[in-house]
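J.: The structure under discussion is supplied below as structure tokens; questions concerning it will follow.
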Amino acid sequence: MNIRETLRVALRAIRRNKVRSALTMLGVIIGVASVIAMIALGSGARAAIDEQIQSQGTALIYLSSGSFGGPGRAHQGSGSVQTLTIEDAEAVAREIPTIARWTPGVRGRSQVIAGNNNWNTQVEGGNEDFLAVRNWVVAEGANFTARDVLVAEKVCLLGATVARTLFPDSDPVGQIIRVRNMPFRVTGVLAAKGQGQFGQDQDDFVLAPWTTVQRKLLGINYIHQVSLTAGSSEVVEPTAVAITRLMRARHRITNPENDDFSVRTIEEMAATRVQMAETMTGLLMSVASVSLLVGGIGIMNIMLVSVTERTREIGVRMAVGAKTRDVMRQFLAEAIALSLVGGLAGILLGVAVSQTITHSLGWPVAITAASIVIAFAFSAAVGIFFGWYPARKAASLDPIEALRYE
Amino acid sequence: MGDTLIRVVDLKRSYALGDVTVHALRGVTLDIAKGSMIAIVGASGSGKSTLMNILGLLDRPSSGQYFLDGQDVSGFDRDRRAELRNRKIGFVFQNFSLLPRTTALENVELPLLYNGRGARLHARHEKAMALLRAVGIAERAHHTPNQLSGGQQQRVAIARALVNDPELILADEPTGNLDSRTSVEIMEILQRLNRDSGITVLLITHEHDIAGYASRVVTIRDGRVRSDDPVESRRDAATELVALPPVEAEA
């Protein structure tokens, strides 16, 4: 029997038992759909991380106080030690020529009040280059000046979320907000960036000169972080190495395990997050694969029932000349057709689920051609694998027994 | 004529049923000439079904030789036997053995799917239709078996048996499930095929009056040939059919 005939016979057998075939396919449909959705979620997360790297600039380097510690050492957490100073930052910026711009960073949470509205938010301190280093744009008003930083002026820029919350109906520029009972004049509002890749609101902060935040608001004499940009993305790694070497020299650290600071590049951070996303996707994928496996077992089960039910048919076919491979092919084709049709439906369902996830939860998803091909190939493989045994069983029936079977 | 289509020599077949060995055939030697119509008669348990299965290449003898058309087929494996069944043998069973929910036409075409010649759909339809016409139920070509009477189903089965132009038709109790008039009709078709087309017909039955349509009767008992005689007054189904009272139009 040729391929076309085999296919025709298989499809007809499937059509004959519509409800049963549909229920059998359901397992594969759900399996393939979840595989597609999981791959889509995974690649969506990846794409979002890539996009974020682009939006932050690949040349960004963070120098933070505290370190992640070596093996066997307590994790201190970044910003938890008080040894990073503005002198460190200035020295790094002065002595490493590949650094383009930099800003110190200090931060603390605080209640901010404007009129009857108040809001708990992060107050960040930086210099006049903060916006350039961290890729922020002023939407209204203007950035504060170097002089503001020098004299610790009580001025600030509002993140879009803060601006909207404190000044729902009016223009915030030029207005006064109170932070810990201190009046700050709003010089501008930042353009919104939206959600970060962990779903956090990147626009929920107030930016003020670091001098003001450090001395007047927090009352500390150290800084939490320095953000720097390298001249180009090619020199990021050597710059990071140079920063580390200089910092160890300044802090008289000989054993890297004793580092009281950490230097991270945005690429490193992104790599970590990509790895996290991939681990998560892998985990979800394995769960999805289990459902595909269960779907396959469902197909095998139904095919076994079908072989028994159609024993006489098999006998008749053998009597009129069907060879072992003809019978084998017929049942294998049926199993494969079941799983492929299920696979196709699963792909459609998976795409629909992915879209729903994007729309209702706002998670980024990306459906790739590869994932569809993989899902399709996988469902074909399931059909072959789980169809083999029933088909073998059908083909090895004794024609005499099969003809006599009631 | 005069050529031998089937020659079996000292054919034996035994089955192991648990600890007991059942000897179904204990040495059958038989020649069947091309173009003959022969009845194999025996009570149930006589071994005639086993003999039929072996002659029909559905089974293999435990020992002995089987020459089909001059070829020793006793050692053929499953697939070679399937191929030979497809090409040389047409089966007509007592219970018709048509595929359910499949039209008469498609049932007749079934052996064409396995003949390895890959005939076109159109050519297959033509051939099957011609045979359905020959057995007189062309107008029922698109009915499924459950829409057909027993006699009609058996006609479809005969058409199916003929579709690959076989040398041999093996009819296993072909009238066992039919009333007497329909039985005569079926026998008329088989006699006509034997007479006009020269197809060898092997009739397996336990009814001696059905065996009377053959030209030779072989009786099997206890796995051996008991008697092998020409039929003296052979029945002619066509003549009998004319004598039978006409039936009212079929329901």
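For the structure tokens, the naming scheme is as follows: chains receive sequential letters (A, B, ...) according to their order of presentation, residues are indexed from 1 within each chain, and ligands are indexed from 1 in presentation order.
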Stretch 159-210 of chain B near stretch 31-50 of chain B within 12 Å: what's each residue's closest atom pair and its distance in Å to one decimal, counting only C-alpha atoms, ordered by chain then ascending residue number, as JSON lines?

T.:
{"residue": "B:Pro166", "atom": "CA", "partner": "B:Gly35", "partner_atom": "CA", "distance": 11.6}
{"residue": "B:Glu167", "atom": "CA", "partner": "B:Lys34", "partner_atom": "CA", "distance": 8.1}
{"residue": "B:Leu168", "atom": "CA", "partner": "B:Lys34", "partner_atom": "CA", "distance": 8.5}
{"residue": "B:Ile169", "atom": "CA", "partner": "B:Met37", "partner_atom": "CA", "distance": 9.5}
{"residue": "B:Leu170", "atom": "CA", "partner": "B:Ile38", "partner_atom": "CA", "distance": 10.1}
{"residue": "B:Ala171", "atom": "CA", "partner": "B:Ala39", "partner_atom": "CA", "distance": 9.4}
{"residue": "B:Asp172", "atom": "CA", "partner": "B:Ser49", "partner_atom": "CA", "distance": 8.3}
{"residue": "B:Glu173", "atom": "CA", "partner": "B:Val41", "partner_atom": "CA", "distance": 10.0}
{"residue": "B:Pro174", "atom": "CA", "partner": "B:Ala39", "partner_atom": "CA", "distance": 11.6}
{"residue": "B:Met187", "atom": "CA", "partner": "B:Met37", "partner_atom": "CA", "distance": 11.2}
{"residue": "B:Leu190", "atom": "CA", "partner": "B:Met37", "partner_atom": "CA", "distance": 9.0}
{"residue": "B:Gln191", "atom": "CA", "partner": "B:Met37", "partner_atom": "CA", "distance": 7.9}
{"residue": "B:Arg192", "atom": "CA", "partner": "B:Met37", "partner_atom": "CA", "distance": 10.7}
{"residue": "B:Leu193", "atom": "CA", "partner": "B:Gly35", "partner_atom": "CA", "distance": 9.8}
{"residue": "B:Asn194", "atom": "CA", "partner": "B:Gly35", "partner_atom": "CA", "distance": 6.5}
{"residue": "B:Arg195", "atom": "CA", "partner": "B:Gly35", "partner_atom": "CA", "distance": 7.9}
{"residue": "B:Asp196", "atom": "CA", "partner": "B:Gly35", "partner_atom": "CA", "distance": 9.8}
{"residue": "B:Ser197", "atom": "CA", "partner": "B:Gly35", "partner_atom": "CA", "distance": 8.5}
{"residue": "B:Gly198", "atom": "CA", "partner": "B:Gly35", "partner_atom": "CA", "distance": 4.8}
{"residue": "B:Ile199", "atom": "CA", "partner": "B:Gly35", "partner_atom": "CA", "distance": 5.3}
{"residue": "B:Thr200", "atom": "CA", "partner": "B:Gly35", "partner_atom": "CA", "distance": 4.3}
{"residue": "B:Val201", "atom": "CA", "partner": "B:Met37", "partner_atom": "CA", "distance": 4.7}
{"residue": "B:Leu202", "atom": "CA", "partner": "B:Ile38", "partner_atom": "CA", "distance": 5.2}
{"residue": "B:Leu203", "atom": "CA", "partner": "B:Ala39", "partner_atom": "CA", "distance": 4.4}
{"residue": "B:Ile204", "atom": "CA", "partner": "B:Ile40", "partner_atom": "CA", "distance": 4.8}
{"residue": "B:Thr205", "atom": "CA", "partner": "B:Val41", "partner_atom": "CA", "distance": 5.3}
{"residue": "B:His206", "atom": "CA", "partner": "B:Val41", "partner_atom": "CA", "distance": 5.2}
{"residue": "B:Glu207", "atom": "CA", "partner": "B:Val41", "partner_atom": "CA", "distance": 7.4}
{"residue": "B:His208", "atom": "CA", "partner": "B:Val41", "partner_atom": "CA", "distance": 7.3}
{"residue": "B:Asp209", "atom": "CA", "partner": "B:Val41", "partner_atom": "CA", "distance": 10.6}
{"residue": "B:Ile210", "atom": "CA", "partner": "B:Ala39", "partner_atom": "CA", "distance": 8.4}

J.: Counting only C-alpha atoms, give me one row per residue of chain B with an atom at most 10 Å from an atom of chain A, showing the shortest contact pair and its distance in Å to one decimal, sorted by chain then residue number, as CSV.

T.:
residue,atom,partner,partner_atom,distance
B:Thr50,CA,A:Ile400,CA,9.8
B:Asn53,CA,A:Ile400,CA,7.5
B:Gly56,CA,A:Ala319,CA,8.7
B:Leu57,CA,A:Ala319,CA,8.8
B:Leu58,CA,A:Ile400,CA,6.4
B:Asp59,CA,A:Ile400,CA,7.5
B:Arg78,CA,A:Lys323,CA,7.5
B:Asp79,CA,A:Lys323,CA,5.2
B:Arg80,CA,A:Lys323,CA,8.3
B:Arg81,CA,A:Gly321,CA,8.1
B:Ala82,CA,A:Gly321,CA,4.5
B:Glu83,CA,A:Gly321,CA,5.6
B:Leu84,CA,A:Gly321,CA,7.5
B:Arg85,CA,A:Gly321,CA,5.6
B:Asn86,CA,A:Gly321,CA,4.2
B:Arg87,CA,A:Gly321,CA,7.9
B:Lys88,CA,A:Gly321,CA,9.9
B:Ile89,CA,A:Val320,CA,8.2
B:Gly90,CA,A:Val320,CA,7.3
B:Phe91,CA,A:Val320,CA,7.4
B:Phe93,CA,A:Leu403,CA,9.6
B:Asn95,CA,A:Arg404,CA,9.7
B:Phe96,CA,A:Val316,CA,9.8
B:Ser97,CA,A:Val316,CA,6.4
B:Leu98,CA,A:Val316,CA,7.4
B:Leu99,CA,A:Glu313,CA,6.0
B:Pro100,CA,A:Glu313,CA,8.1
B:Arg101,CA,A:Arg16,CA,9.0
B:Leu110,CA,A:Val320,CA,7.5
B:Pro111,CA,A:Val320,CA,5.3
B:Leu112,CA,A:Met1,CA,8.8
B:Leu113,CA,A:Met1,CA,5.3
B:Tyr114,CA,A:Met1,CA,5.3
B:Asn115,CA,A:Gly321,CA,7.3
B:Gly116,CA,A:Met1,CA,6.7
B:Arg117,CA,A:Met1,CA,9.0
B:Gly118,CA,A:Asn2,CA,7.0
B:Leu121,CA,A:Glu5,CA,9.6
B:Arg160,CA,A:Val320,CA,8.7
B:Ala161,CA,A:Val320,CA,8.0
B:Asn164,CA,A:Val320,CA,9.6

J.: Would you mind reading off the distance between atom CA of B:Arg13 and atom CA of B:Thr219, one decimal, in Å?

T.: 17.4 Å

J.: Between A:Val226, A:Ala45, A:Val106, A:Ile29, which has the minimum distance to A:Gln275 (counting only C-alpha atoms)?

T.: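 Closest residue, counting only C-alpha atoms: A:Ala45.
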
J.: Could you pull out the residues in stretch 80-283 of chain A that DSSP calls helix (DSSP H, G or I) from the backbone, as a count of residues only?

T.: 74

J.: Within 8 Å of A:Asn118, counting only C-alpha atoms, which residues show up once you throw out same-chain ones fewer than 6 positions away? Write them as JSON, numbers by chain, please.

T.: {"A": [111, 112, 165, 166]}

J.: Can you tell me, as a ChimeraX atom specification, what residues are no more than 12 Å from B:Thr239 when counting only C-alpha atoms, ignoring any on the same chain fewer than 4 positions away?

T.: /B:184-185,187-188,191-192,213,234-235,243-244

J.: Tell me, as a PyMOL selection string, which residues lie within 6 Å of stretch 200-213 of chain A, counting only C-alpha atoms; anything in the same chain fewer than 6 positions away does not count.

T.: chain A and resi 121-127+149+152+156-162+192+194

J.: Find the spatial neighbours of A:Phe386, counting only C-alpha atoms, within a cut-off of 12 Å - ignore same-chain residues fewer than 3 positions away - and output them as a PyMOL selection string.

T.: chain A and resi 28+292-304+331-336+338-339+378-383+389-392

J.: Can you list, as a list of chain:residue names, every protein, DNA or RNA residue that comes within 9 Å of A:Ile223 when you count only C-alpha atoms, leaving out same-chain residues fewer than 5 positions away?

T.: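 So the residues in contact are A:Ser64, A:Ser65, A:Gly79, A:Gln82, A:Thr83, A:Leu84, A:Thr85, A:Ile86, A:Pro104, A:Gly105, A:Val106, A:Arg107, A:Trp210, A:Gln214.
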
J.: Go ahead and dump the residues you just picked, C-alpha atoms, as a PDB file, in the first residue's frame.

T.:
ATOM      1  CA  SER A  64      28.840  48.801  44.691  1.00  0.00           C
ATOM      2  CA  SER A  65      29.861  48.582  48.306  1.00  0.00           C
ATOM      3  CA  GLY A  79      25.393  48.519  49.904  1.00  0.00           C
ATOM      4  CA  GLN A  82      30.112  51.733  54.653  1.00  0.00           C
ATOM      5  CA  THR A  83      33.556  51.761  53.080  1.00  0.00           C
ATOM      6  CA  LEU A  84      32.750  53.127  49.628  1.00  0.00           C
ATOM      7  CA  THR A  85      33.373  56.866  49.533  1.00  0.00           C
ATOM      8  CA  ILE A  86      33.110  59.700  47.080  1.00  0.00           C
ATOM      9  CA  PRO A 104      27.812  58.347  42.636  1.00  0.00           C
ATOM     10  CA  GLY A 105      24.663  56.781  44.045  1.00  0.00           C
ATOM     11  CA  VAL A 106      23.027  56.978  47.448  1.00  0.00           C
ATOM     12  CA  ARG A 107      19.489  55.972  48.214  1.00  0.00           C
ATOM     13  CA  TRP A 210      23.622  63.049  45.920  1.00  0.00           C
ATOM     14  CA  GLN A 214      23.663  61.914  51.567  1.00  0.00           C
TER      15      GLN A 214
END

J.: Given only C-alpha atoms as the basis, pick out the residue of B:Gln154, B:Ser74, B:Thr175, B:Ser63 nearest to B:Leu25.

T.: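 With only C-alpha atoms as the atom set, the closest residue is B:Ser63.
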
J.: Given the choices B:Leu30, B:Glu109, B:Gly64, B:Gly151, which gets closest to B:Asp228 if the distance is worked out from only C-alpha atoms?

T.: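 Going through B:Leu30, B:Glu109, B:Gly64, B:Gly151 one by one, the smallest distance to B:Asp228 is for B:Leu30.
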